[in-house]
Amino acid sequence: MFRVSALVGLLFCSSVFAQPALQEKLKAVQADPAAMKAAVEAGRKASFFCANCHGEEGISKTPDVPNLAGQNAAYLLEQIRKFGAGERKDAFMQGLIKVLKDDERLQISAFYASAKVPPSRADAALAQRGKALFDKLCVRCHGEQARGGELFPRLAGQKVPYLQTSITRYRDGTGIRNNQLMSIATSTLKNDDIVAIANYLTQLP
Ligand code: HEC
Ligand code: HEC
């Protein structure tokens with residue numbers, strides 16, 4: 001039984017993630033409370049340098065640096081891979097990530113995913129307009145409460161400036177970050193719409 005499900009898991013992953021073995025290892029760790037506890041502790045130590053920008057508990061200290069707290073672990077691991085491979089571009093991140101070993105990447109992802117992210121304040125009128133847009137254009141992938149999943153990042157509680165920048169980059173196809181699903185989903189958004197959506201998302205618990 002175990003073998004069959006492990007194989008199915010591996011096949012599923014290999015079609016979705018570029019690093020199936022490491023993603024599979026992460027799943028195994030998440031399924032084992034003792035292993036998860038050890039990974040979170042190791043991740044806390046391994047992320048000491050990341051804390052300079054992303055904060056001790058994954059709540060970032062600067063507006064354009066994303067919160068990592070509460071983000072899905074599989075998504076974090078995949079983004080770390082993308083920075084390392086140069087598929088996602090950021091001068092600081094690409095250099096920092098390159099020196100991390102696979103196990104450290106896994107541990108750091110487990111650590112941040114297990115941290116809590118508090119909702120931020122937002123403009124209520126903008127948030128209401130943003131909710132209507134989100135429910136129409138984004139909810140089917142990012143989920144009712146924007147909490148995401150393995151393939152779709154959590155957006156709830158994320159910083160407004162980072163959300164704005166990321167959404168705009170996907171829409172405009174700047175090459176800093178590419179994703180076809182996101183380009184299509186954002187293609188009709190005006191700049192004002194993006195501000196409204198960001199205000200909605202940041203105040204979600
Ligand atoms: C000098 C500041 C800085 C440091 C130090 C730093 N980061 Fe980042 N990180 C950023 C910025 C800025 C971004 C957003 C890049 C962008 O706009 O795409 C980012 C993005 C990320 C993302 C993507 C988050 C998402 O929601 O998609 C991950 C994952 C990440 N960093 C992990 C790390 C890890 C792990 C470390 C430590 C090894 C680290 N960062 C250290 C500035 C930093
Ligand atoms: C068809 C599925 C789909 C739809 C619909 C969709 N997204 Fe996404 N979104 C994704 C995927 C997949 C990613 C991760 C892409 C990557 O790896 O860069 C993503 C990433 C993002 C990110 C980056 C988050 C981070 O932590 O860096 C933001 C912000 C975002 N989406 C906002 C939206 C908004 C706003 C809408 C609606 C206008 C939307 N998405 C609709 C699939 C979708």
# chains A, B, ... in the order shown; residues from 1 in each chain; ligands from 1
$ residues_around --residues "segment 27-31 of chain A" --least-positions-apart "5" --cutoff "10 Å" --atoms "only C-alpha atoms" --output "PyMOL selection string"
chain A and resi 6+9+21-22+36-39+73-74+106-107+110
$ residues_around --residues "segment 157-164 of chain A" --least-positions-apart "6" --cutoff "7 Å" --atoms "only C-alpha atoms" --output "PyMOL selection string"
chain A and resi 63-67+117-120+194-195+198-199+201-205
$ residues_around --residues "Gly149 of chain A" --least-positions-apart "4" --cutoff "7 Å" --atoms "only C-alpha atoms" --output "PyMOL selection string"
chain A and resi 72+153-154
$ write_last_selection --atoms "N, CA and C atoms" --output "compact mmCIF listing (two decimals), in the first residue's frame"
# COMPACT_ATOMS: atom_id res chain seq x y z
N ASN A 72 2.88 28.51 2.01
CA ASN A 72 2.93 27.06 1.81
C ASN A 72 4.37 26.58 1.63
N PRO A 153 0.39 30.19 -4.27
CA PRO A 153 0.84 30.78 -3.00
C PRO A 153 -0.30 31.37 -2.17
N ARG A 154 -0.06 31.38 -0.85
CA ARG A 154 -0.92 32.13 0.05
C ARG A 154 -0.73 33.61 -0.24
$ residues_near_ligand --ligand "ligand 2" --cutoff "7 Å" --atoms "only C-alpha atoms and all ligand atoms" --output "PyMOL selection string"
chain A and resi 66+79+133-134+137-142+151-155+163+166-167+177-179+181-182+185-186+197
$ write_last_selection --atoms "C-alpha atoms" --output "PDB file, in the first residue's frame"
ATOM      1  CA  PRO A  66       7.503  39.585   1.196  1.00  0.00           C
ATOM      2  CA  GLN A  79      10.549  29.540  -5.330  1.00  0.00           C
ATOM      3  CA  LEU A 133     -12.268  41.397  -8.388  1.00  0.00           C
ATOM      4  CA  PHE A 134     -10.555  38.621  -6.441  1.00  0.00           C
ATOM      5  CA  LEU A 137     -10.598  36.417 -11.253  1.00  0.00           C
ATOM      6  CA  CYS A 138      -8.389  34.792  -8.636  1.00  0.00           C
ATOM      7  CA  VAL A 139     -10.357  32.662  -6.197  1.00  0.00           C
ATOM      8  CA  ARG A 140     -10.367  29.467  -8.258  1.00  0.00           C
ATOM      9  CA  CYS A 141      -6.615  29.054  -7.833  1.00  0.00           C
ATOM     10  CA  HIS A 142      -5.724  30.967  -4.656  1.00  0.00           C
ATOM     11  CA  LEU A 151       0.962  25.142  -6.303  1.00  0.00           C
ATOM     12  CA  PHE A 152      -0.729  28.449  -5.547  1.00  0.00           C
ATOM     13  CA  PRO A 153       0.836  30.784  -3.001  1.00  0.00           C
ATOM     14  CA  ARG A 154      -0.917  32.126   0.055  1.00  0.00           C
ATOM     15  CA  LEU A 155      -1.743  35.800  -0.501  1.00  0.00           C
ATOM     16  CA  LEU A 163       1.552  42.301  -3.862  1.00  0.00           C
ATOM     17  CA  SER A 166       4.333  41.122  -8.139  1.00  0.00           C
ATOM     18  CA  ILE A 167       0.910  41.360  -9.778  1.00  0.00           C
ATOM     19  CA  ARG A 177       8.979  36.556 -12.890  1.00  0.00           C
ATOM     20  CA  ASN A 178       7.113  34.513 -15.477  1.00  0.00           C
ATOM     21  CA  ASN A 179       3.987  32.440 -15.105  1.00  0.00           C
ATOM     22  CA  LEU A 181      -1.460  31.311 -15.596  1.00  0.00           C
ATOM     23  CA  MET A 182      -0.768  34.546 -13.756  1.00  0.00           C
ATOM     24  CA  ALA A 185      -5.377  36.029 -14.889  1.00  0.00           C
ATOM     25  CA  THR A 186      -4.013  39.581 -14.549  1.00  0.00           C
ATOM     26  CA  ILE A 197      -6.916  43.676  -4.752  1.00  0.00           C
TER      27      ILE A 197
END
$ residues_around --residues "segment 86-101 of chain A" --least-positions-apart "4" --cutoff "7 Å" --atoms "only C-alpha atoms" --output "PyMOL selection string"
chain A and resi 80+82+105+176-177
$ write_last_selection --atoms "N, CA, C and O atoms" --output "PDB file, in the first residue's frame"
ATOM      1  N   ILE A  80      12.486  28.948  -3.986  1.00  0.00           N
ATOM      2  CA  ILE A  80      13.917  28.914  -3.675  1.00  0.00           C
ATOM      3  C   ILE A  80      14.662  28.254  -4.838  1.00  0.00           C
ATOM      4  O   ILE A  80      15.706  28.732  -5.287  1.00  0.00           O
ATOM      5  N   LYS A  82      13.661  28.202  -7.945  1.00  0.00           N
ATOM      6  CA  LYS A  82      13.620  29.116  -9.094  1.00  0.00           C
ATOM      7  C   LYS A  82      14.680  30.213  -8.991  1.00  0.00           C
ATOM      8  O   LYS A  82      15.324  30.541  -9.976  1.00  0.00           O
ATOM      9  N   ARG A 105      17.331  24.116   2.406  1.00  0.00           N
ATOM     10  CA  ARG A 105      16.179  24.678   1.686  1.00  0.00           C
ATOM     11  C   ARG A 105      14.879  24.089   2.223  1.00  0.00           C
ATOM     12  O   ARG A 105      13.901  24.807   2.443  1.00  0.00           O
ATOM     13  N   ILE A 176      11.011  39.358 -14.992  1.00  0.00           N
ATOM     14  CA  ILE A 176      11.579  39.169 -13.664  1.00  0.00           C
ATOM     15  C   ILE A 176      10.969  37.912 -13.036  1.00  0.00           C
ATOM     16  O   ILE A 176      11.618  37.162 -12.333  1.00  0.00           O
ATOM     17  N   ARG A 177       9.719  37.708 -13.389  1.00  0.00           N
ATOM     18  CA  ARG A 177       8.979  36.556 -12.890  1.00  0.00           C
ATOM     19  C   ARG A 177       7.969  36.153 -13.951  1.00  0.00           C
ATOM     20  O   ARG A 177       7.159  36.985 -14.361  1.00  0.00           O
TER      21      ARG A 177
END
$ atom_distance --atom1 "atom CA of Ala146 of chain A" --atom2 "atom CA of Ala113 of chain A"
15.0 Å
$ closest_residue --among "A:Gly70, A:Arg44, A:Ser60, A:Leu76" --to "ligand 1" --atoms "only C-alpha atoms and all ligand atoms"
A:Leu76
$ atom_distance --atom1 "atom CA of Ile59 of chain A" --atom2 "atom CA of Ala127 of chain A"
21.3 Å
$ atom_distance --atom1 "atom 25 (C, counted along the ligand's line) of ligand 1" --atom2 "atom CA of Gly148 of chain A"
12.1 Å
$ closest_residue --among "A:Ala196, A:Ile108, A:Ala42, A:Ala124" --to "ligand 1" --atoms "only C-alpha atoms and all ligand atoms"
A:Ile108
$ closest_residue --among "A:Ala156, A:Arg129, A:Arg121, A:Tyr75" --to "Gly143 of chain A" --atoms "only C-alpha atoms"
A:Ala156
$ select_by_dssp --residues "segment 2-162 of chain A" --states "helix (DSSP H, G or I)" --output "ChimeraX atom specification"
/A:2-16,20-30,33-46,51-54,73-85,91-98,102-114,124-137,139-142,160-162
